[in-house]
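Report on the following structure.
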Amino acid sequence: MKLYGYFRSSAAYRVRIALNVKGLAYEQVPVHLMRGGGEQKSIAYKTRNPQGLVPFLEVGEHGFAQSLAIIEYLDESYPTPPLLPGDAAQRAAIRAFALHIACDIHPLNNLRVLQYLTGTAGLSEDAKLAWYQHWIADGLHALETDVVNRQPQGPYCFGEQVTLADVCLVPQIFNAQRFNCDLTPYPRLVAIAQQCNQLSAFSDAAPSKQPDAE
């Protein structure tokens, strides 16, 4: 397996966690999202992944884009331990939590959006930060309510077992901390992220521990 990614990409971060949870060996191929205007925009990379985004996972002759699609591929191909456990209703709830992060929070605050805000749109750095913090607060408020109301509670988002929800939550909390977001209104989410980061599958996937970390 080859994982094309960037150390600070939260989408690549998710896939690293999932690979580690599954105990799978993989080679990392760095794709620098800033250098030279972004290596993900190069012809060489777009020949591999026309979307021009990271992560991208190569497995033999197959290649997969989009972090959640990659993780579900891994979960189906290597089902132990499952990241989508339980019956259909529980799996739908886990997916909904993960998708709220991957589809509703993260896309508003990813690198290309932030670059557009301060470039084409002409916003100041302070305005960009206010944008980022607004959408983080909006999204995390909903997730905090979700985990507080969920029963039975456990150390992770869905009880006693790590799921896709936790895999998506930890990189999002990392990003929020990086952009100085106030996380005091979300004590349950912060506690879950701290619990996850005690596991080597999560801590070894941290941006600071990647070979391309800067």
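Labels used: A, B, ... for chains in the order of the structure tokens, numbers from 1 for residues in each chain, and numbers from 1 for ligands as shown.
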
Excluding Leu111 in chain A and residues on its chain fewer than 6 positions from it, collect all residues at most 10 Å away from it, counting only C-alpha atoms, and give them as a VMD selection string. chain A and resid 9 33 to 34 117

With only C-alpha atoms counted and 12 Å as the cut-off, give the residues of range 41-155 of chain A in contact with range 24-32 of chain A, each with its shortest interatomic distance in Å and the pair that gives it, as a tab-separated table.
residue	atom	partner	partner_atom	distance
A:Lys41	CA	A:Val31	CA	9.8
A:Ser42	CA	A:Val31	CA	10.0
A:Ala44	CA	A:Val31	CA	11.1
A:Tyr45	CA	A:Val31	CA	8.5
A:Lys46	CA	A:Val31	CA	11.5
A:Asn49	CA	A:Val31	CA	11.8
A:Gly52	CA	A:Val31	CA	10.4
A:Leu53	CA	A:Val31	CA	9.3
A:Val54	CA	A:Val31	CA	7.7
A:Pro55	CA	A:Val31	CA	8.9
A:Phe56	CA	A:Val29	CA	9.6
A:Leu57	CA	A:Tyr26	CA	9.4
A:Glu58	CA	A:Tyr26	CA	9.6
A:Val59	CA	A:Tyr26	CA	9.4
A:Gly60	CA	A:Tyr26	CA	11.7
A:Leu74	CA	A:Leu24	CA	9.5
A:Asp75	CA	A:Leu24	CA	11.5
A:Ser77	CA	A:Leu24	CA	11.3
A:Tyr78	CA	A:Leu24	CA	9.0
A:Pro79	CA	A:Leu24	CA	11.9
A:Thr80	CA	A:Leu24	CA	11.1
A:Pro81	CA	A:Leu24	CA	11.7
A:Leu111	CA	A:His32	CA	11.9

For Cys157 in chain A, the nearest of the candidates A:Glu39, A:Glu125, A:Glu144, A:Asp182, counting only C-alpha atoms: A:Glu144

Tell me, as JSON, numbers by chain, which residues lie within 10 Å of range 185-202 of chain A, counting only C-alpha atoms; anything in the same chain fewer than 4 positions away does not count. {"A": [13, 14, 16, 17, 18, 19, 20, 21, 22, 23, 137, 140, 141, 142, 143, 144, 145, 146, 147, 148, 154, 155, 156, 157, 162, 166, 167, 169, 170, 171, 172, 173, 174, 206]}

Restrict the selected residues to N, CA and C atoms and save them as a CSV table (one decimal), in the first residue's frame.
chain,number,residue,atom,x,y,z
A,13,TYR,N,-4.8,12.4,7.5
A,13,TYR,CA,-4.7,12.1,8.9
A,13,TYR,C,-5.7,11.0,9.3
A,14,ARG,N,-6.9,11.1,8.8
A,14,ARG,CA,-8.0,10.1,9.0
A,14,ARG,C,-7.5,8.8,8.5
A,16,ARG,N,-4.5,7.7,7.9
A,16,ARG,CA,-3.4,7.1,8.6
A,16,ARG,C,-3.9,6.4,9.9
A,17,ILE,N,-4.8,7.1,10.6
A,17,ILE,CA,-5.4,6.5,11.8
A,17,ILE,C,-6.0,5.1,11.4
A,18,ALA,N,-6.9,5.1,10.4
A,18,ALA,CA,-7.6,3.9,10.0
A,18,ALA,C,-6.6,2.8,9.7
A,19,LEU,N,-5.6,3.1,8.9
A,19,LEU,CA,-4.5,2.1,8.6
A,19,LEU,C,-3.9,1.5,9.9
A,20,ASN,N,-3.6,2.4,10.8
A,20,ASN,CA,-2.9,2.0,12.0
A,20,ASN,C,-3.9,1.2,12.9
A,21,VAL,N,-5.2,1.5,13.0
A,21,VAL,CA,-6.1,0.8,13.7
A,21,VAL,C,-6.2,-0.7,13.1
A,22,LYS,N,-6.1,-0.8,11.8
A,22,LYS,CA,-6.2,-2.1,11.2
A,22,LYS,C,-4.9,-2.8,11.3
A,23,GLY,N,-3.8,-2.2,11.7
A,23,GLY,CA,-2.5,-2.8,11.8
A,23,GLY,C,-1.9,-3.1,10.4
A,137,ALA,N,-17.1,26.3,15.4
A,137,ALA,CA,-18.0,26.4,16.5
A,137,ALA,C,-19.4,25.9,16.1
A,140,LEU,N,-19.0,21.9,15.8
A,140,LEU,CA,-18.7,21.2,17.0
A,140,LEU,C,-19.8,21.3,18.0
A,141,HIS,N,-20.6,22.3,18.0
A,141,HIS,CA,-21.7,22.4,18.9
A,141,HIS,C,-22.7,21.3,18.6
A,142,ALA,N,-23.0,21.0,17.4
A,142,ALA,CA,-23.9,19.9,17.0
A,142,ALA,C,-23.3,18.5,17.5
A,143,LEU,N,-22.0,18.4,17.2
A,143,LEU,CA,-21.4,17.1,17.6
A,143,LEU,C,-21.3,16.9,19.1
A,144,GLU,N,-21.1,18.0,19.9
A,144,GLU,CA,-21.1,17.9,21.3
A,144,GLU,C,-22.4,17.5,21.8
A,145,THR,N,-23.5,18.1,21.3
A,145,THR,CA,-24.8,17.7,21.7
A,145,THR,C,-25.1,16.2,21.4
A,146,ASP,N,-24.6,15.8,20.3
A,146,ASP,CA,-24.8,14.4,19.9
A,146,ASP,C,-24.2,13.4,20.9
A,147,VAL,N,-22.9,13.6,21.2
A,147,VAL,CA,-22.2,12.7,22.1
A,147,VAL,C,-22.7,12.8,23.5
A,148,VAL,N,-23.1,14.0,24.0
A,148,VAL,CA,-23.6,14.1,25.3
A,148,VAL,C,-25.0,13.4,25.5
A,154,GLY,N,-19.4,6.1,26.7
A,154,GLY,CA,-18.1,5.4,26.9
A,154,GLY,C,-17.0,6.3,26.7
A,155,PRO,N,-15.8,5.8,26.5
A,155,PRO,CA,-14.6,6.7,26.3
A,155,PRO,C,-14.6,7.3,24.9
A,156,TYR,N,-15.3,6.7,24.0
A,156,TYR,CA,-15.3,7.1,22.6
A,156,TYR,C,-16.6,7.6,22.1
A,157,CYS,N,-16.7,8.1,20.9
A,157,CYS,CA,-17.9,8.7,20.4
A,157,CYS,C,-19.2,7.8,20.5
A,162,VAL,N,-13.6,2.2,19.4
A,162,VAL,CA,-13.2,3.2,18.4
A,162,VAL,C,-14.0,2.9,17.1
A,166,ASP,N,-14.6,8.5,15.7
A,166,ASP,CA,-13.4,9.0,16.4
A,166,ASP,C,-12.3,9.3,15.4
A,167,VAL,N,-12.2,8.4,14.3
A,167,VAL,CA,-11.2,8.6,13.3
A,167,VAL,C,-11.3,10.0,12.7
A,169,LEU,N,-13.1,12.6,14.2
A,169,LEU,CA,-13.1,13.7,15.2
A,169,LEU,C,-11.7,14.2,15.5
A,170,VAL,N,-10.7,13.3,15.7
A,170,VAL,CA,-9.4,13.7,16.2
A,170,VAL,C,-8.7,14.6,15.3
A,171,PRO,N,-8.6,14.4,14.0
A,171,PRO,CA,-8.0,15.4,13.1
A,171,PRO,C,-8.8,16.8,13.2
A,172,GLN,N,-10.1,16.7,13.3
A,172,GLN,CA,-10.8,18.0,13.4
A,172,GLN,C,-10.5,18.8,14.6
A,173,ILE,N,-10.4,18.1,15.8
A,173,ILE,CA,-10.0,18.7,17.0
A,173,ILE,C,-8.6,19.3,16.9
A,174,PHE,N,-7.7,18.5,16.2
A,174,PHE,CA,-6.3,19.0,16.0
A,174,PHE,C,-6.3,20.4,15.2
A,206,ALA,N,-0.3,11.3,14.2
A,206,ALA,CA,-0.3,12.7,14.4
A,206,ALA,C,0.6,13.4,13.4

Write out as a PyMOL selection string all residues of range 5-213 of chain A that backbone DSSP assigns to helix (DSSP H, G or I). chain A and resi 10-21+35-37+39-41+43-48+67-77+88-109+111-118+125-149+164-178+187-196+200-203+207-209

Which distance in Å separates CA of Trp135 in chain A and CA of Pro107 in chain A, to one decimal? 10.1 Å

For Arg91 in chain A, which of A:Asp126, A:Asp212, A:Glu160, A:Glu72 is the closest residue, counting only C-alpha atoms?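 Comparing A:Asp126, A:Asp212, A:Glu160, A:Glu72 against Arg91 in chain A, the winner is A:Glu72.
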